[in-house]
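Asks: Quick one: structure below, then a few questions.
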Amino acid sequence: MTDYPDTGIDVASIDKALTTTRAVRLRLDLERPVDDQIIYDCIDIAEQAPSGGNQGSRRWVVVRDPAVKARIAELYMATGGEFMLGARDKIAGTGHPQERVMQSAAHLAEHLAEVPAIVIPTIIGVHDGSGRPGLFDSVIQSVWSFCVALRARGLGTAWTTAILGKRDELREVLGVPDGNTQIAMIPVAWYTGTDFTTAPRYPAREITYLDRYAHTWESGPSDPPRLADGPGTVVEVDIKAPTSEVWKLVTDIGFGARFSDEFTGARWVDEDDGTPGGPRLGAQFIGANTHPAIGEWEVPCFVHRYVEGKEFGWCTSDPDDPGARWRFEVASIAGSTRLRYSVIIGPGPSGISAAIASMPDKEPRILFRRIEEHRANMQRVVDGIKAELHWEPEPDRANPIFE
Ligand SMILES: Cc1cc2nc3c(=O)[nH]c(=O)nc-3n(C[C@H](O)[C@H](O)[C@H](O)COP(=O)(O)O)c2cc1C
């Protein structure tokens, strides 16, 4: 555990607010009025956020007028709401991963006009694509502070952008001048119930790379880094194909051999009772490899993570002390499929532990090179899978954030 100095800030409360500021839609209290002063107070807090060049260019529109809210609700319905209602009805009761989000999003679309306050943060300026700071990156952190400050006071918000599909009409309704950019639409209401939970997210160690992109560490790392720290790497591609197609290829264990310079093939091992091997928890296969410095070798692999359609992971050599742990993950992302392929080396013996044993002083360099080698081969595999799959867009596809 890290020891922190006493800052006078209650870290646990701050962390709680930061980790439980959810998109609140079903739990917005549509009956209880929201005092303007609460919103002013939270904007004062939000304005402490940084901005490019330290220029205060954020301007906030808070809509309470029922007629204006009704007009905004109409725009929202037209640009995203109808899609959300349709999607909710289509996937209701199917167990689709977006079922709850759609139910909640559709609820907001249906009740937007009844939300006590709708806040539209804007910023003076228009994005010119120059890469200079000062526009979106000068407002988003501030609006998020606003949401967290409200959450701590018992009010819920939801960051929404679907309305920006009708940004010109919204500009007209609100009288926002040209040359000023509307960023989001934040419904604000007291929330019902008392608490919110954290959401499932990737652990930091799986998406945080030290010193070089895609270099992960399961623990530590020590200084200098060691095999025992669990070095790893990850590659990702977005593929315009249904998740089921991508899943078929990642569980076809020999498929990657077409693209990798090291992995040459794999075969399932039948179970003791003669049941043919195949992709399922506890199954085994034999992987074959080749490497200019090592030669050719085979390694037993054990499927140790398996969630149909989502996750396929195996460890090598010995399930209790694996030489490496490999994992494919397949997820639906905005009309595409994201394929993530990762590996963690160790903790058990493998070719690399043997190499380190013979040259212990070179451990960090051996690890770095091996990680880069794995990364390049893994990239070839996911690129090969991507190239294999084709996708024709559906003409009526809309609002990919909610797919
Ligand atoms: C850029 C962005 C745009 C979003 N647009 C909408 C939207 O138009 N309508 C909506 O209901 N939710 C919208 N959301 C909310 C997400 O759907 C929400 O964050 C997601 O469901 C996860 O819920 P959580 O924030 O509680 O973890 C948006 C979120 C972001 C970050």
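Quick note on naming: the chains in the structure tokens go A, B, ... in the order shown, residues restart at 1 in each chain, and ligands are numbered from 1 in order of appearance.
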What residues have any atom no more than 10 Å from ligand 1 when counting only C-alpha atoms and all ligand atoms, and can you list them as an MDAnalysis selection string?
Replies: chainID A and resid 19:25 76 79:81 84 98 100:109 140 144 157:165 183:187 196:201 399 401:402
Asks: From the options A:Lys16, A:Arg59, A:Arg64, A:His291, which residue's atoms come nearest to Ala149 of chain A, counting only C-alpha atoms?
Replies: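 Smallest distance to Ala149 of chain A is found for A:Lys16.
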Asks: Among the residues of segment 136-209 of chain A, find those DSSP assigns to strand (DSSP E or B) from the backbone and print them as a list in words.
Replies: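 In segment 136-209 of chain A, DSSP puts these residues in strand (DSSP E or B): Leu155, Gly156, Thr157, Thr160, Asn180, Thr181, Gln182, Met185, Ile186, Pro187, Val188, Ala189, Trp190 and Tyr191 of chain A.
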Asks: Quick one: write out the picked residues with C-alpha atoms as a JSON list (two decimals), in the first residue's frame?
Replies:
[["chain", "number", "residue", "atom", "x", "y", "z"],
["A", 155, "LEU", "CA", -28.08, 14.94, -8.21],
["A", 156, "GLY", "CA", -27.73, 12.70, -11.23],
["A", 157, "THR", "CA", -26.53, 13.54, -14.73],
["A", 160, "THR", "CA", -25.26, 12.74, -23.85],
["A", 180, "ASN", "CA", -19.44, 28.90, -30.40],
["A", 181, "THR", "CA", -19.46, 25.07, -30.10],
["A", 182, "GLN", "CA", -22.06, 23.05, -28.22],
["A", 185, "MET", "CA", -26.41, 17.84, -23.30],
["A", 186, "ILE", "CA", -26.55, 17.03, -19.61],
["A", 187, "PRO", "CA", -29.92, 16.32, -17.98],
["A", 188, "VAL", "CA", -29.81, 17.26, -14.28],
["A", 189, "ALA", "CA", -32.18, 16.00, -11.58],
["A", 190, "TRP", "CA", -32.10, 14.69, -8.04],
["A", 191, "TYR", "CA", -31.49, 10.97, -8.21]]
Asks: How would you write, as a compact mmCIF listing (two decimals) with C-alpha atoms, in the first residue's frame, the set of residues in segment 21-215 of chain A that DSSP gives as alpha helix (DSSP H)?
Replies:
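What follows is the written file part08.txt:
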# COMPACT_ATOMS: atom_id res chain seq x y z
CA ASP A 36 -30.80 27.12 -9.73
CA GLN A 37 -28.24 27.90 -7.06
CA ILE A 38 -27.10 24.27 -6.92
CA ILE A 39 -26.29 24.47 -10.61
CA TYR A 40 -24.47 27.79 -10.22
CA ASP A 41 -22.45 26.31 -7.35
CA CYS A 42 -21.47 23.26 -9.37
CA ILE A 43 -20.52 25.39 -12.36
CA ASP A 44 -18.27 27.45 -10.07
CA ILE A 45 -16.56 24.21 -9.08
CA ALA A 46 -16.39 23.00 -12.67
CA PRO A 66 -40.83 23.82 -20.23
CA ALA A 67 -41.39 25.07 -23.79
CA VAL A 68 -37.67 25.06 -24.57
CA LYS A 69 -37.22 21.68 -22.90
CA ALA A 70 -40.06 20.31 -25.03
CA ARG A 71 -38.39 21.58 -28.18
CA ILE A 72 -35.06 20.02 -27.14
CA ALA A 73 -36.84 16.74 -26.35
CA GLU A 74 -38.31 16.74 -29.86
CA LEU A 75 -34.90 17.25 -31.39
CA TYR A 76 -33.42 14.54 -29.21
CA GLU A 82 -36.39 7.05 -31.99
CA PHE A 83 -33.43 4.81 -32.65
CA MET A 84 -33.07 4.16 -28.90
CA LEU A 85 -36.75 3.28 -28.51
CA GLY A 86 -36.58 0.93 -31.49
CA ALA A 87 -33.39 -0.70 -30.22
CA ARG A 88 -34.84 -1.09 -26.73
CA ASP A 89 -37.89 -2.87 -28.07
CA LYS A 90 -35.84 -5.03 -30.39
CA ILE A 91 -33.42 -6.32 -27.77
CA GLU A 99 -30.18 -4.22 -23.09
CA ARG A 100 -29.99 -2.20 -19.90
CA VAL A 101 -28.27 0.76 -21.51
CA MET A 102 -30.97 0.86 -24.19
CA GLN A 103 -33.78 0.63 -21.67
CA SER A 104 -32.23 3.49 -19.77
CA ALA A 105 -31.41 5.58 -22.86
CA ALA A 106 -34.93 5.15 -24.25
CA HIS A 107 -36.38 6.19 -20.90
CA LEU A 108 -34.43 9.43 -21.01
CA ALA A 109 -35.56 10.09 -24.59
CA GLU A 110 -39.18 9.59 -23.57
CA HIS A 111 -38.94 11.82 -20.50
CA ILE A 140 -14.77 18.17 -21.29
CA GLN A 141 -12.84 17.97 -18.02
CA SER A 142 -14.85 20.88 -16.68
CA VAL A 143 -18.20 19.34 -17.56
CA TRP A 144 -17.13 16.13 -15.92
CA SER A 145 -16.25 18.05 -12.72
CA PHE A 146 -19.76 19.51 -12.92
CA CYS A 147 -21.26 16.01 -13.09
CA VAL A 148 -19.15 14.75 -10.17
CA ALA A 149 -19.94 17.81 -8.04
CA LEU A 150 -23.65 17.24 -8.63
CA ARG A 151 -23.33 13.53 -7.86
CA ALA A 152 -21.77 14.34 -4.49
CA ARG A 153 -24.77 16.55 -3.71
CA ARG A 167 -26.72 20.89 -33.54
CA ASP A 168 -27.90 23.60 -35.95
CA GLU A 169 -31.49 23.31 -34.77
CA LEU A 170 -30.31 23.27 -31.14
CA ARG A 171 -28.24 26.39 -31.79
CA GLU A 172 -31.37 28.04 -33.16
CA VAL A 173 -33.54 26.99 -30.20
CA LEU A 174 -31.01 28.28 -27.66
CA ALA A 204 -5.44 -0.24 -15.11
CA ARG A 205 -2.70 -2.83 -15.48
CA GLU A 206 -4.31 -4.19 -18.65
CA ILE A 207 -4.59 -0.83 -20.42
Asks: Looking at only C-alpha atoms, which of A:Glu372, A:Pro224, A:Gly232, A:Thr2 is the one that sits closest to Tyr209 of chain A?
Replies: A:Gly232
